[in-house]
Amino acid sequence: MFIDGPVHPPLTRADDDPARAPVRWAAIICGMFFLAIGFAGFFPGMTQNFNTIEMGYGSEAMVLGLFQVSFLHNIVHLLFGAVAIAQSRFSNSARRVLRLGGGLSAALWIFGLLVNQDSAANFLPLNTVDTWAYFVLAVVMIGLSFLSSDITPATAKADHRS
């Protein structure tokens, strides 16, 4: 069978939308960050005192020797990372997940300021470094949620399909 003229492969979704809006990239990067932190909490090489990790309160495991973690803490990071990447498909949902994550981080910051670190109420658990890291995450994620939802391709694509 002979075909006259050039043969073009069928268009895919990647061909229709090769670029992503900055707010979508921000959601992807935040999601990858939370996945990396969540996985790091399960690796003994990244987590000091790994043999003392607990489900929640009483865990003395420390990622990079700074951030106190537990199984629950790591699972929350993994779940949020997966949700952020899944929601990065559209600009509106990416913006919403960044604001939700920023709001939750702000709530964890306030929780860390109010709860006694040695009490059973500190169920995640959070230490001082965690508390202030959540403040920074809240500011960064809420700030990133205001990025543009417009796609600005690096090069103009004139008559790509002709």
# chains A, B, ... in the order shown; residues from 1 in each chain; ligands from 1
call {"tool": "residues_around", "arguments": {"residues": "stretch 100-104 of chain A", "least_positions_apart": "4", "cutoff": "12 Å", "atoms": "only C-alpha atoms", "output": "PyMOL selection string"}}
result
chain A and resi 27+30-31+34+76-77+79-81+83-84+87+93-96+108-111+133-146
call {"tool": "write_last_selection", "arguments": {"atoms": "C-alpha atoms", "output": "compact mmCIF listing (two decimals), in the first residue's frame"}}
result
# COMPACT_ATOMS: atom_id res chain seq x y z
CA ALA A 27 2.06 21.94 42.04
CA CYS A 30 5.65 20.73 45.51
CA GLY A 31 4.24 17.24 44.99
CA PHE A 34 6.55 16.04 49.52
CA VAL A 76 0.73 12.32 55.24
CA HIS A 77 3.65 13.69 53.19
CA LEU A 79 -0.42 11.31 50.29
CA PHE A 80 -0.17 15.07 49.85
CA GLY A 81 2.62 14.65 47.29
CA VAL A 83 -2.54 14.47 45.45
CA ALA A 84 -0.53 17.53 44.39
CA GLN A 87 -4.18 17.81 40.80
CA SER A 93 -7.00 22.32 40.62
CA ALA A 94 -3.26 23.03 40.90
CA ARG A 95 -4.03 26.41 42.43
CA ARG A 96 -6.55 24.83 44.81
CA LEU A 108 0.34 22.52 61.46
CA TRP A 109 2.52 25.55 62.23
CA ILE A 110 -0.07 26.84 64.72
CA PHE A 111 -0.52 23.32 66.12
CA ALA A 133 9.39 24.48 58.39
CA TYR A 134 5.59 24.28 58.15
CA PHE A 135 5.43 28.06 58.43
CA VAL A 136 7.85 28.41 55.51
CA LEU A 137 5.91 25.80 53.50
CA ALA A 138 2.65 27.66 54.15
CA VAL A 139 4.07 30.96 52.91
CA VAL A 140 5.74 29.36 49.86
CA MET A 141 2.77 27.24 48.76
CA ILE A 142 0.21 30.01 49.20
CA GLY A 143 2.56 32.35 47.34
CA LEU A 144 3.01 29.84 44.51
CA SER A 145 -0.75 29.50 44.19
CA PHE A 146 -0.83 33.03 42.77
call {"tool": "select_by_dssp", "arguments": {"residues": "stretch 19-79 of chain A", "states": "strand (DSSP E)", "output": "list in words"}}
result
Thr47, Gln48, Ala61, Met62, Val63, Phe67, Gln68 and Val69 of chain A
call {"tool": "write_last_selection", "arguments": {"atoms": "N, CA and C atoms", "output": "mmCIF file, in the first residue's frame"}}
result
data_model
loop_
_atom_site.group_PDB
_atom_site.id
_atom_site.type_symbol
_atom_site.label_atom_id
_atom_site.label_comp_id
_atom_site.auth_asym_id
_atom_site.auth_seq_id
_atom_site.Cartn_x
_atom_site.Cartn_y
_atom_site.Cartn_z
ATOM 1 N N THR A 47 17.292 8.856 57.660
ATOM 2 C CA THR A 47 16.607 9.063 58.935
ATOM 3 C C THR A 47 17.443 8.527 60.080
ATOM 4 N N GLN A 48 17.844 9.407 60.973
ATOM 5 C CA GLN A 48 18.574 8.982 62.162
ATOM 6 C C GLN A 48 17.587 8.408 63.179
ATOM 7 N N ALA A 61 12.560 9.288 65.523
ATOM 8 C CA ALA A 61 13.248 9.274 64.229
ATOM 9 C C ALA A 61 13.357 10.695 63.692
ATOM 10 N N MET A 62 14.505 11.007 63.092
ATOM 11 C CA MET A 62 14.771 12.358 62.612
ATOM 12 C C MET A 62 15.309 12.316 61.180
ATOM 13 N N VAL A 63 14.557 12.873 60.236
ATOM 14 C CA VAL A 63 15.036 12.975 58.857
ATOM 15 C C VAL A 63 16.137 14.028 58.824
ATOM 16 N N PHE A 67 14.428 16.953 61.355
ATOM 17 C CA PHE A 67 12.969 16.932 61.336
ATOM 18 C C PHE A 67 12.445 15.646 61.965
ATOM 19 N N GLN A 68 11.693 15.781 63.038
ATOM 20 C CA GLN A 68 11.136 14.617 63.715
ATOM 21 C C GLN A 68 9.995 14.049 62.882
ATOM 22 N N VAL A 69 10.021 12.732 62.646
ATOM 23 C CA VAL A 69 9.008 12.095 61.811
ATOM 24 C C VAL A 69 8.473 10.837 62.482
#
call {"tool": "select_by_dssp", "arguments": {"residues": "chain A", "states": "alpha helix (DSSP H)", "output": "JSON, numbers by chain"}}
result
{"A": [13, 14, 15, 16, 22, 23, 24, 25, 26, 27, 28, 29, 30, 31, 32, 33, 34, 35, 36, 37, 38, 39, 40, 71, 72, 73, 74, 75, 76, 77, 78, 79, 80, 81, 82, 83, 84, 85, 86, 91, 92, 93, 94, 95, 96, 97, 98, 99, 100, 101, 102, 103, 104, 105, 106, 107, 108, 109, 110, 111, 112, 113, 114, 128, 129, 130, 131, 132, 133, 134, 135, 136, 137, 138, 139, 140, 141, 142, 143, 144]}
call {"tool": "atom_distance", "arguments": {"atom1": "atom CA of A:Gly56", "atom2": "atom CA of A:Phe71"}}
result
6.6 Å
call {"tool": "atom_distance", "arguments": {"atom1": "atom CA of A:Trp25", "atom2": "atom CA of A:Ile151"}}
result
10.8 Å
call {"tool": "closest_residue", "arguments": {"among": "A:Asp130, A:Ser88, A:Leu124, A:Ile29", "to": "A:Ala106", "atoms": "only C-alpha atoms"}}
result
A:Asp130
